[in-house]
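First comes the structure, then the notes that go with it.
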Amino acid sequence: MNSQAEHRVPIDENALREAVAGTYWRSVRVVEETGSTNADLSALAATSDCVGSVLVAEYQSAGRGRYTRHWESPPRSQVAMSVAVAADVADAQAALGWLPLLTGLAVVDGIREVSELAPVLKWPNDVLLPAPGGTTDGIGGRKVAGILAELTRGPSGTVAVIGIGINVSLTEAELPVPTAISLDLAGAEVNRQDLAAAVLTALSRRLQQWPQDLDGLRRDYRDLCVTLGHHVLVQLPLDEQLEGAAVEIDSTGRVVVEDVAGKRVPVAAGDVTHLRVTD
């Protein structure tokens, strides 16, 4: 496996643009370095019509995750990109929650396109792979990719800026946390340009389902979601917690947790820890 920094090949902007021609994406830019691709696209969306834009960074110095978490990886070791999607929809309450979930499906689709790996999804937006040796660390795998979706408004209306970070060639020493993994460590030597093109093409297809085919997205997501069937601990906003069995993904993309009293509680946002598989 080839994971030395000097062998990390840059992404060719023109080739990537050609690879996704005819899809949802009408603009593709690759920059050597930036603070955050999500922040850059959000700023652009506030002043111009950037729907259909893709921004890829070879290195992010202030990459952002959920709940203002920050992360940093060696240059050219990830696919780190953000996309802008038109988010003015008729039933926003039902539809918008599906954007990060369908993006997770697209990341799974893209990884499968360029490798023989079989990623799964941890609600709401983590893509997991088995650890080396086939172990799953008790939660269905280690995190190979994360997604962050943010809404903003601009001249073109409501825009969803969706950030995607996929660990490609990071070594064990370079991983941000022990529960992470890279495609390289999972046994797949992947060209980042091919992976970015595959994910963007898959995301374009998934956006064709949204928002009119939420039932189809729900079926596909449930098939890949390893959170279902687990006893989970959910860290909710305002430092509240919910413990119980994850039993369903509802029509708006929320995970439904059945607590110890048998009450079913839909959760729209929260950090989920898998505790054990339920009977």
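Going by the structure tokens order, chains are called A, B, ..., each with residues numbered from 1, while ligands are numbered from 1 in the order shown.
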**Asked** Which of range 19-100 of chain A counts as strand (DSSP E or B) under DSSP, as a ChimeraX atom specification please?
**Response** /A:27-31,34,53-57,60,63-64,70-71,78-86
Expected file contents, prior selection, N, CA, C and O atoms, as a short mmCIF file (atom, residue, chain, number, x, y, z; two decimals), in the first residue's frame:
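Okay, part.cif is ready:
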data_model
loop_
_atom_site.label_atom_id
_atom_site.label_comp_id
_atom_site.auth_asym_id
_atom_site.auth_seq_id
_atom_site.Cartn_x
_atom_site.Cartn_y
_atom_site.Cartn_z
N SER A 27 -19.80 23.46 -11.86
CA SER A 27 -18.54 24.15 -11.59
C SER A 27 -17.69 23.28 -10.67
O SER A 27 -18.20 22.78 -9.66
N VAL A 28 -16.43 23.08 -11.04
CA VAL A 28 -15.51 22.28 -10.22
C VAL A 28 -14.21 23.07 -10.05
O VAL A 28 -13.60 23.49 -11.04
N ARG A 29 -13.83 23.27 -8.80
CA ARG A 29 -12.55 23.93 -8.51
C ARG A 29 -11.75 23.06 -7.55
O ARG A 29 -12.30 22.48 -6.61
N VAL A 30 -10.45 22.98 -7.79
CA VAL A 30 -9.53 22.29 -6.87
C VAL A 30 -8.51 23.31 -6.41
O VAL A 30 -7.85 23.97 -7.23
N VAL A 31 -8.39 23.49 -5.10
CA VAL A 31 -7.41 24.43 -4.54
C VAL A 31 -6.39 23.65 -3.73
O VAL A 31 -6.68 22.58 -3.18
N THR A 34 -6.91 25.55 1.82
CA THR A 34 -7.87 26.51 2.33
C THR A 34 -8.16 26.17 3.78
O THR A 34 -7.73 25.13 4.28
N SER A 53 -21.99 23.90 -7.56
CA SER A 53 -20.54 24.10 -7.43
C SER A 53 -19.92 23.00 -6.57
O SER A 53 -20.51 22.51 -5.61
N VAL A 54 -18.69 22.65 -6.93
CA VAL A 54 -17.87 21.70 -6.17
C VAL A 54 -16.55 22.39 -5.85
O VAL A 54 -15.91 22.96 -6.75
N LEU A 55 -16.15 22.33 -4.59
CA LEU A 55 -14.85 22.86 -4.18
C LEU A 55 -14.07 21.75 -3.48
O LEU A 55 -14.53 21.20 -2.48
N VAL A 56 -12.92 21.42 -4.05
CA VAL A 56 -12.05 20.37 -3.52
C VAL A 56 -10.78 21.02 -2.99
O VAL A 56 -10.21 21.89 -3.66
N ALA A 57 -10.34 20.61 -1.82
CA ALA A 57 -9.09 21.12 -1.25
C ALA A 57 -8.11 19.99 -1.04
O ALA A 57 -8.46 18.94 -0.47
N GLN A 60 -6.86 21.09 4.10
CA GLN A 60 -7.69 22.01 4.87
C GLN A 60 -7.02 22.27 6.22
O GLN A 60 -6.75 21.32 6.96
N GLY A 63 -10.48 22.29 8.87
CA GLY A 63 -11.62 21.45 8.52
C GLY A 63 -12.60 21.35 9.68
O GLY A 63 -12.20 21.26 10.84
N ARG A 64 -13.90 21.38 9.35
CA ARG A 64 -14.92 21.41 10.39
C ARG A 64 -15.81 20.18 10.30
O ARG A 64 -16.19 19.75 9.23
N HIS A 70 -13.02 20.39 15.02
CA HIS A 70 -12.02 20.70 14.01
C HIS A 70 -11.11 19.49 13.79
O HIS A 70 -10.86 18.71 14.70
N TRP A 71 -10.65 19.33 12.56
CA TRP A 71 -9.74 18.24 12.26
C TRP A 71 -8.77 18.69 11.17
O TRP A 71 -9.02 19.63 10.44
N GLN A 78 -6.64 12.83 1.70
CA GLN A 78 -8.08 12.66 1.74
C GLN A 78 -8.72 13.14 0.44
O GLN A 78 -8.08 13.81 -0.35
N VAL A 79 -9.98 12.79 0.27
CA VAL A 79 -10.85 13.57 -0.61
C VAL A 79 -11.63 14.49 0.31
O VAL A 79 -12.46 14.04 1.10
N ALA A 80 -11.32 15.77 0.26
CA ALA A 80 -11.97 16.78 1.09
C ALA A 80 -12.65 17.78 0.16
O ALA A 80 -11.98 18.52 -0.56
N MET A 81 -13.97 17.76 0.16
CA MET A 81 -14.68 18.64 -0.78
C MET A 81 -16.04 19.03 -0.22
O MET A 81 -16.59 18.38 0.67
N SER A 82 -16.55 20.13 -0.76
CA SER A 82 -17.89 20.60 -0.43
C SER A 82 -18.65 20.86 -1.72
O SER A 82 -18.06 21.21 -2.75
N VAL A 83 -19.97 20.69 -1.64
CA VAL A 83 -20.83 20.92 -2.80
C VAL A 83 -21.99 21.81 -2.39
O VAL A 83 -22.37 21.85 -1.22
N ALA A 84 -22.55 22.53 -3.36
CA ALA A 84 -23.68 23.40 -3.10
C ALA A 84 -24.91 22.85 -3.83
O ALA A 84 -24.87 22.61 -5.03
N VAL A 85 -25.99 22.67 -3.06
CA VAL A 85 -27.21 22.05 -3.57
C VAL A 85 -28.39 22.98 -3.32
O VAL A 85 -28.54 23.53 -2.22
N ALA A 86 -29.26 23.16 -4.32
CA ALA A 86 -30.46 23.95 -4.15
C ALA A 86 -31.37 23.28 -3.13
O ALA A 86 -31.68 22.10 -3.23
#
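The set of residues in range 182-234 of chain A assigned to helix (DSSP H, G or I) by DSSP, using only backbone atoms of this structure, is Arg192, Gln193, Asp194, Leu195, Ala196, Ala197, Ala198, Val199, Leu200, Thr201, Ala202, Leu203, Ser204, Arg205, Arg206, Leu207, Gln208, Gln209, Leu214, Asp215, Gly216, Leu217, Arg218, Arg219, Asp220, Tyr221, Arg222, Asp223 and Leu224 of chain A.
Across A:Ala43, A:Ala145, A:Ile249, A:Val257, the tightest approach to Gly97 in chain A is made by A:Ile249 when counting only C-alpha atoms.
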**Request:** Just the residues within 8 Å of range 229-233 of chain A, please, counting only C-alpha atoms, with nothing from its chain fewer than 5 positions along; format it as a VMD selection string.
**Result:** chain A and resid 241 to 247 272 to 279
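Proximity to Asp40 in chain A was assessed for A:Pro130, A:Gly52, A:Gly262, A:Gly163 counting only C-alpha atoms; the smallest distance is recorded for A:Gly163.
The smallest atom-to-atom distance between Glu32 in chain A and any of A:Ile11, A:Ala45, A:Ile166, A:Ala19, using only C-alpha atoms, is found for A:Ile11.
Among the candidate residues A:Gln193, A:Thr158, A:Thr23, A:Gln208, the one lying nearest to Val114 in chain A is A:Gln193, with distances computed using only C-alpha atoms.
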Tell me, as a PDB file with N, CA and C atoms, in the first residue's frame, which residues lie within 12 Å of Glu18 in chain A, counting only C-alpha atoms; anything in the same chain fewer than 3 positions away does not count.
ATOM      1  N   ASP A  12      -6.352  16.429 -10.573  1.00  0.00           N
ATOM      2  CA  ASP A  12      -6.352  17.278 -11.766  1.00  0.00           C
ATOM      3  C   ASP A  12      -7.742  17.895 -11.919  1.00  0.00           C
ATOM      4  N   GLU A  13      -7.822  19.216 -11.789  1.00  0.00           N
ATOM      5  CA  GLU A  13      -9.109  19.904 -11.837  1.00  0.00           C
ATOM      6  C   GLU A  13      -9.827  19.682 -13.168  1.00  0.00           C
ATOM      7  N   ASN A  14      -9.116  19.809 -14.275  1.00  0.00           N
ATOM      8  CA  ASN A  14      -9.750  19.647 -15.578  1.00  0.00           C
ATOM      9  C   ASN A  14     -10.259  18.234 -15.787  1.00  0.00           C
ATOM     10  N   ALA A  15      -9.468  17.254 -15.374  1.00  0.00           N
ATOM     11  CA  ALA A  15      -9.883  15.860 -15.539  1.00  0.00           C
ATOM     12  C   ALA A  15     -11.102  15.546 -14.671  1.00  0.00           C
ATOM     13  N   ALA A  21     -18.916  15.814 -16.074  1.00  0.00           N
ATOM     14  CA  ALA A  21     -19.691  16.589 -17.047  1.00  0.00           C
ATOM     15  C   ALA A  21     -21.048  15.927 -17.280  1.00  0.00           C
ATOM     16  N   GLY A  22     -22.085  16.749 -17.355  1.00  0.00           N
ATOM     17  CA  GLY A  22     -23.418  16.229 -17.589  1.00  0.00           C
ATOM     18  C   GLY A  22     -24.162  15.812 -16.342  1.00  0.00           C
ATOM     19  N   THR A  23     -23.548  15.969 -15.180  1.00  0.00           N
ATOM     20  CA  THR A  23     -24.204  15.654 -13.917  1.00  0.00           C
ATOM     21  C   THR A  23     -24.731  16.944 -13.286  1.00  0.00           C
ATOM     22  N   TRP A  25     -23.300  18.818 -11.341  1.00  0.00           N
ATOM     23  CA  TRP A  25     -22.222  19.750 -11.001  1.00  0.00           C
ATOM     24  C   TRP A  25     -21.815  20.570 -12.214  1.00  0.00           C
ATOM     25  N   ARG A  26     -21.983  21.878 -12.105  1.00  0.00           N
ATOM     26  CA  ARG A  26     -21.696  22.775 -13.225  1.00  0.00           C
ATOM     27  C   ARG A  26     -20.402  23.548 -13.027  1.00  0.00           C
ATOM     28  N   SER A  27     -19.800  23.459 -11.865  1.00  0.00           N
ATOM     29  CA  SER A  27     -18.539  24.148 -11.594  1.00  0.00           C
ATOM     30  C   SER A  27     -17.694  23.277 -10.673  1.00  0.00           C
ATOM     31  N   VAL A  28     -16.427  23.082 -11.035  1.00  0.00           N
ATOM     32  CA  VAL A  28     -15.506  22.284 -10.224  1.00  0.00           C
ATOM     33  C   VAL A  28     -14.212  23.066 -10.051  1.00  0.00           C
ATOM     34  N   ARG A  29     -13.830  23.272  -8.803  1.00  0.00           N
ATOM     35  CA  ARG A  29     -12.546  23.930  -8.511  1.00  0.00           C
ATOM     36  C   ARG A  29     -11.748  23.064  -7.551  1.00  0.00           C
ATOM     37  N   GLN A 193      -8.637  11.090  -7.371  1.00  0.00           N
ATOM     38  CA  GLN A 193      -9.399  11.726  -8.442  1.00  0.00           C
ATOM     39  C   GLN A 193     -10.545  10.819  -8.899  1.00  0.00           C
ATOM     40  N   ASP A 194     -10.253   9.527  -9.060  1.00  0.00           N
ATOM     41  CA  ASP A 194     -11.292   8.571  -9.437  1.00  0.00           C
ATOM     42  C   ASP A 194     -12.364   8.488  -8.360  1.00  0.00           C
ATOM     43  N   ALA A 197     -14.586  11.641  -8.389  1.00  0.00           N
ATOM     44  CA  ALA A 197     -15.510  11.580  -9.524  1.00  0.00           C
ATOM     45  C   ALA A 197     -16.632  10.580  -9.265  1.00  0.00           C
ATOM     46  N   LEU A 200     -19.058  12.089  -6.617  1.00  0.00           N
ATOM     47  CA  LEU A 200     -19.846  13.188  -7.178  1.00  0.00           C
ATOM     48  C   LEU A 200     -20.901  12.673  -8.159  1.00  0.00           C
ATOM     49  N   THR A 201     -20.534  11.696  -8.966  1.00  0.00           N
ATOM     50  CA  THR A 201     -21.500  11.113  -9.909  1.00  0.00           C
ATOM     51  C   THR A 201     -22.613  10.401  -9.152  1.00  0.00           C
TER      52      THR A 201
END
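A straight line drawn from CA of Val120 in chain A to CA of Pro211 in chain A is 22.6 Å long.
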